[in-house]
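Q: Input structure.txt, format and content: compact mmCIF, C-alpha atoms.
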# COMPACT_ATOMS: atom_id res chain seq x y z
CA MET A 1 10.83 -46.64 -22.62
CA THR A 2 11.02 -43.11 -21.33
CA LEU A 3 11.32 -39.70 -22.96
CA THR A 4 14.01 -37.11 -22.30
CA VAL A 5 13.37 -33.41 -21.72
CA LYS A 6 14.81 -32.74 -25.20
CA GLU A 7 12.46 -35.23 -26.89
CA ILE A 8 9.39 -33.79 -25.15
CA LYS A 9 10.41 -30.26 -26.13
CA GLU A 10 10.94 -31.29 -29.76
CA LEU A 11 7.54 -33.00 -29.94
CA ILE A 12 5.73 -29.97 -28.53
CA SER A 13 7.68 -27.50 -30.69
CA SER A 14 6.94 -29.42 -33.87
CA SER A 15 3.16 -29.02 -33.35
CA ILE A 16 3.23 -25.65 -31.59
CA PRO A 17 6.09 -23.75 -33.25
CA ASP A 18 5.70 -20.48 -31.32
CA ALA A 19 5.65 -22.21 -27.92
CA ASN A 20 7.91 -21.15 -25.08
CA ILE A 21 8.51 -24.37 -23.21
CA GLU A 22 10.02 -24.92 -19.78
CA ILE A 23 10.33 -28.52 -18.65
CA LYS A 24 11.44 -29.83 -15.29
CA ASP A 25 12.35 -33.42 -14.58
CA LEU A 26 10.73 -33.52 -11.14
CA MET A 27 12.41 -36.62 -9.78
CA GLY A 28 15.41 -37.02 -12.07
CA ASP A 29 13.96 -40.30 -13.35
CA ASN A 30 12.97 -39.32 -16.94
CA ASN A 31 9.41 -40.21 -15.97
CA HIS A 32 7.84 -37.41 -13.93
CA TYR A 33 7.91 -34.04 -15.64
CA ALA A 34 6.29 -30.65 -15.33
CA ALA A 35 5.94 -28.46 -18.42
CA LYS A 36 5.00 -24.83 -18.65
CA ILE A 37 3.98 -23.91 -22.18
CA THR A 38 3.11 -20.47 -23.47
CA SER A 39 1.72 -19.99 -26.98
CA LYS A 40 -0.61 -17.79 -28.99
CA ILE A 41 -2.64 -20.82 -30.06
CA PHE A 42 -3.98 -21.09 -26.48
CA ASN A 43 -5.56 -17.63 -26.66
CA GLY A 44 -9.33 -17.81 -26.26
CA LYS A 45 -9.35 -21.58 -25.69
CA SER A 46 -10.60 -23.41 -22.59
CA LYS A 47 -8.06 -25.18 -20.37
CA ILE A 48 -9.34 -28.53 -21.62
CA GLU A 49 -8.75 -27.51 -25.25
CA GLN A 50 -5.31 -26.10 -24.36
CA HIS A 51 -4.21 -29.31 -22.64
CA LYS A 52 -5.62 -31.41 -25.48
CA LEU A 53 -3.40 -29.51 -27.93
CA VAL A 54 -0.38 -30.39 -25.80
CA TYR A 55 -1.45 -34.04 -25.53
CA LYS A 56 -1.94 -34.15 -29.33
CA SER A 57 1.58 -32.81 -29.86
CA LEU A 58 2.89 -35.76 -27.83
CA LYS A 59 1.37 -38.13 -30.39
CA GLY A 60 -0.11 -40.76 -28.10
CA LYS A 61 2.95 -40.98 -25.86
CA MET A 62 1.13 -39.43 -22.91
CA GLY A 63 -0.10 -42.20 -20.64
CA ASN A 64 2.24 -44.65 -22.36
CA GLU A 65 5.98 -43.90 -22.66
CA LEU A 66 5.33 -40.74 -20.75
CA HIS A 67 3.81 -41.57 -17.39
CA ALA A 68 3.51 -38.24 -15.66
CA LEU A 69 3.56 -34.77 -17.14
CA THR A 70 2.09 -31.91 -15.19
CA ILE A 71 0.93 -29.29 -17.70
CA ILE A 72 0.56 -25.57 -17.22
CA THR A 73 -0.56 -23.66 -20.31
CA GLU A 74 -0.85 -19.95 -20.91
CA GLY A 75 -1.73 -17.75 -23.88
CA LYS A 76 0.49 -14.89 -24.99
CA MET B 1 -24.29 -52.29 -22.32
CA ASN B 2 -21.16 -51.18 -24.12
CA THR B 3 -18.43 -49.28 -22.30
CA LYS B 4 -19.43 -45.91 -23.68
CA ASP B 5 -23.03 -46.32 -22.50
CA GLU B 6 -21.79 -47.61 -19.15
CA ILE B 7 -19.65 -44.48 -18.69
CA LYS B 8 -22.51 -42.24 -19.81
CA SER B 9 -24.82 -43.83 -17.26
CA MET B 10 -22.26 -43.45 -14.41
CA ILE B 11 -21.82 -39.77 -15.26
CA ASP B 12 -25.58 -39.22 -15.50
CA LYS B 13 -26.28 -40.99 -12.22
CA ASN B 14 -23.64 -39.17 -10.16
CA ASP B 15 -23.53 -35.37 -10.00
CA ILE B 16 -19.83 -35.49 -9.18
CA CYS B 17 -18.07 -38.45 -10.70
CA LEU B 18 -14.32 -39.08 -10.44
CA PHE B 19 -12.66 -41.74 -12.57
CA MET B 20 -9.51 -42.56 -10.66
CA LYS B 21 -6.85 -45.14 -9.88
CA GLY B 22 -7.86 -46.70 -6.56
CA ILE B 23 -10.72 -45.52 -4.37
CA PRO B 24 -11.15 -42.19 -2.53
CA ASP B 25 -9.99 -43.70 0.78
CA ALA B 26 -7.10 -45.56 -0.83
CA PRO B 27 -5.95 -43.85 -4.02
CA GLN B 28 -3.23 -45.72 -5.93
CA CYS B 29 -1.73 -42.77 -7.78
CA GLY B 30 -0.65 -39.35 -6.57
CA PHE B 31 -2.71 -37.48 -9.18
CA SER B 32 -5.88 -39.38 -8.28
CA MET B 33 -5.17 -38.67 -4.63
CA THR B 34 -4.82 -34.94 -5.28
CA VAL B 35 -8.23 -34.65 -6.95
CA SER B 36 -9.91 -36.90 -4.41
CA ASN B 37 -8.45 -34.81 -1.55
CA ILE B 38 -9.61 -31.56 -3.15
CA LEU B 39 -13.18 -32.90 -3.36
CA LYS B 40 -13.00 -34.10 0.25
CA HIS B 41 -11.67 -30.71 1.31
CA LEU B 42 -14.63 -29.01 -0.39
CA ASN B 43 -16.87 -31.39 1.53
CA VAL B 44 -18.89 -32.53 -1.45
CA LYS B 45 -20.31 -35.98 -2.01
CA PHE B 46 -18.71 -37.67 -5.00
CA LYS B 47 -18.59 -41.06 -6.62
CA GLY B 48 -15.08 -42.43 -7.08
CA ILE B 49 -14.79 -45.05 -9.81
CA ASN B 50 -11.72 -47.25 -9.74
CA VAL B 51 -10.56 -47.80 -13.32
CA LEU B 52 -7.94 -50.30 -12.17
CA GLU B 53 -10.74 -52.80 -11.55
CA ASN B 54 -11.87 -52.73 -15.16
CA GLU B 55 -9.51 -52.58 -18.13
CA ASN B 56 -12.37 -51.71 -20.55
CA LEU B 57 -13.26 -48.75 -18.41
CA ARG B 58 -9.62 -47.68 -18.09
CA GLN B 59 -9.30 -47.47 -21.89
CA GLY B 60 -12.91 -46.47 -22.51
CA ILE B 61 -12.81 -43.34 -20.38
CA LYS B 62 -9.80 -42.05 -22.35
CA GLU B 63 -11.70 -42.44 -25.61
CA PHE B 64 -14.91 -41.06 -24.14
CA SER B 65 -13.35 -37.69 -23.37
CA ASP B 66 -10.47 -37.79 -25.87
CA TRP B 67 -8.20 -37.32 -22.86
CA PRO B 68 -5.22 -39.64 -22.37
CA THR B 69 -4.82 -39.56 -18.61
CA ILE B 70 -6.56 -40.50 -15.38
CA PRO B 71 -7.96 -39.03 -13.08
CA GLN B 72 -10.89 -37.40 -14.88
CA LEU B 73 -13.52 -35.36 -13.09
CA TYR B 74 -17.11 -34.96 -14.34
CA ILE B 75 -19.59 -32.56 -12.79
CA LYS B 76 -23.26 -32.78 -13.82
CA GLY B 77 -22.31 -34.81 -16.87
CA GLU B 78 -19.62 -32.44 -18.03
CA PHE B 79 -15.90 -33.19 -18.24
CA VAL B 80 -14.10 -30.66 -16.04
CA GLY B 81 -10.51 -31.82 -16.42
CA GLY B 82 -7.67 -33.91 -15.09
CA CYS B 83 -5.46 -33.28 -12.07
CA ASP B 84 -3.67 -30.15 -13.38
CA ILE B 85 -6.86 -28.33 -14.38
CA VAL B 86 -8.80 -29.31 -11.26
CA LYS B 87 -5.91 -28.23 -9.04
CA GLU B 88 -5.60 -24.90 -10.82
CA MET B 89 -9.36 -24.31 -10.61
CA PHE B 90 -9.33 -25.19 -6.91
CA GLU B 91 -6.45 -22.80 -6.20
CA LYS B 92 -8.22 -19.95 -8.02
CA GLY B 93 -11.53 -20.65 -6.26
CA GLU B 94 -13.14 -21.53 -9.60
CA LEU B 95 -13.99 -25.10 -8.65
CA LYS B 96 -15.97 -23.99 -5.61
CA GLU B 97 -17.71 -21.41 -7.78
CA LEU B 98 -18.63 -24.07 -10.35
CA LEU B 99 -19.98 -26.38 -7.63
CA LYS B 100 -22.00 -23.52 -6.18
CA ASN B 101 -23.43 -22.63 -9.58
CA LYS B 102 -24.50 -26.24 -10.01
CA SER B 103 -26.05 -26.16 -6.50
CA LEU B 104 -23.74 -28.91 -5.29
CA ILE B 105 -22.41 -26.93 -2.31
Produce structure tokens that represent the structure in this file.
A:
Amino acid sequence: MTLTVKEIKELISSSIPDANIEIKDLMGDNNHYAAKITSKIFNGKSKIEQHKLVYKSLKGKMGNELHALTIITEGK
Amino acid sequence: MNTKDEIKSMIDKNDICLFMKGIPDAPQCGFSMTVSNILKHLNVKFKGINVLENENLRQGIKEFSDWPTIPQLYIKGEFVGGCDIVKEMFEKGELKELLKNKSLI
């Protein structure tokens, strides 16, 4: 089971509606992605809290169906 | 000792503690290798703990920090982050700063 770029984007958008999301499939294998996510909800939060919000939006898929997702978060 | 206490004791005993896949000299995952190499580059002494040797630990560490991925770096008992955060901190010079502030460099 793997996730597509579209599915990852939809999951993140549903929890973080104002997010600008750029996702790259690093190896073309639907398994190693990098995501750059910009949202107001990251403002004033530590990096750990920011990444946790992204992990939460993926509803337990991170580390399971989704093996590798490099995350870069930024406030707006 | 339950897994949570076991993790707590590892983090308390080692100023710099890296939960990783494989060992520092033979990492078994690219992300674990990245963090291990950053710590080696900074020339600090750290304890690498191989979660692949212990399934309880592999699951337990994720619950301990409410963080779903490995590697996980702890400095002086505090969770610093996974590969992305540690790499970003290293590139900005913040990791070295943190280690200096904790008198580890």
Q: Show me the residues around (-7.7, -37.1, -22.9) - criterion: an atom at most 12 Å away, only C-alpha atoms counted - as a PyMOL selection string.
A: (chain A and resi 48-56+58-63) or (chain B and resi 58-73+79-83)
Q: Around the point (6.2, -23.2, -19.1) in the file's coordinates, collect all residues with an atom within 12 Å, using all atoms listed in the file, and return them as a list in words.
A: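 All residues meeting the 12 Å criterion around (6.2, -23.2, -19.1) are Lys9, Ile12, Ala19, Asn20, Ile21, Glu22, Ile23, Lys24, Tyr33, Ala34, Ala35, Lys36, Ile37, Thr38, Ser39, Val54, Thr70, Ile71, Ile72, Thr73, Glu74, Gly75 and Lys76 of chain A.
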Q: For the selection you just gave me, I'd like the residues written to a file as a compact mmCIF listing (two decimals), in the coordinates of the input, keeping C-alpha atoms.
A:
# COMPACT_ATOMS: atom_id res chain seq x y z
CA LYS A 9 10.41 -30.26 -26.13
CA ILE A 12 5.73 -29.97 -28.53
CA ALA A 19 5.65 -22.21 -27.92
CA ASN A 20 7.91 -21.15 -25.08
CA ILE A 21 8.51 -24.37 -23.21
CA GLU A 22 10.02 -24.92 -19.78
CA ILE A 23 10.33 -28.52 -18.65
CA LYS A 24 11.44 -29.83 -15.29
CA TYR A 33 7.91 -34.04 -15.64
CA ALA A 34 6.29 -30.65 -15.33
CA ALA A 35 5.94 -28.46 -18.42
CA LYS A 36 5.00 -24.83 -18.65
CA ILE A 37 3.98 -23.91 -22.18
CA THR A 38 3.11 -20.47 -23.47
CA SER A 39 1.72 -19.99 -26.98
CA VAL A 54 -0.38 -30.39 -25.80
CA THR A 70 2.09 -31.91 -15.19
CA ILE A 71 0.93 -29.29 -17.70
CA ILE A 72 0.56 -25.57 -17.22
CA THR A 73 -0.56 -23.66 -20.31
CA GLU A 74 -0.85 -19.95 -20.91
CA GLY A 75 -1.73 -17.75 -23.88
CA LYS A 76 0.49 -14.89 -24.99
Q: So that I can see what lies close to Gly48 (chain B), please list as a list in words the residues with an atom at most 10 Å from it, counting all atoms listed in the file and leaving out residues fewer than 2 positions away in the same chain.
A: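 These residues fall inside the cut-off: Asn14, Ile16, Cys17, Leu18, Phe19, Met20, Lys21, Gly22, Ile23, Pro24, Asp25, Pro27, Ser32, Ser36, Lys45, Phe46, Asn50, Val51, Pro71 and Leu73 of chain B.
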Q: Nearest to chain A: which of B:Val35, B:Gly30, B:Asn54, B:Asp15 is it, counting all atoms listed in the file?
A: B:Gly30
Q: What's the separation between CA of Glu97 (chain B) and CA of Lys40 (chain B), in Å to one decimal place?
A: 15.7 Å
Q: Using CA of Lys102 (chain B) and CA of Lys47 (chain B) as the two end points, give the distance in Å to one decimal.
A: 16.3 Å
Q: Do you have the CA of Ile85 (chain B)-CA of Ser46 (chain A) distance handy?
A: 10.3 Å
Q: When you look at Glu6 (chain B) with a cut-off of 9 Å (counting all atoms listed in the file), what residues show up, excluding the ones that are within fewer than 5 positions of it in the same chain? I need them as a ChimeraX atom specification.
A: /B:1,11,57
Q: So, counting only C-alpha atoms, which residue among B:Cys29, B:Ile105, B:Leu52, B:Leu42 is closest to chain A?
A: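 Going through B:Cys29, B:Ile105, B:Leu52, B:Leu42 one by one, the smallest distance to chain A is for B:Cys29.
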Q: Which of these, B:Glu94, B:Phe31, B:His41, B:Gly77, has the shortest distance to chain A once you count all atoms listed in the file?
A: B:Phe31
Q: Show me, as lines of an AutoDock Vina configuration file, the centre and edge lengths in Å to one decimal of the axis-aligned box that covers every listed atom of region 23-37 of chain A with 6 Å on each side.
A:
center_x = 9.7
center_y = -32.1
center_z = -16.0
size_x = 23.4
size_y = 28.4
size_z = 24.4
Q: Measuring atom to atom with all atoms listed in the file, identify which of B:Val86, B:Met33, B:Leu99, B:Leu104 is nearest to chain A.
A: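 So, comparing all the options, the nearest one is B:Val86.
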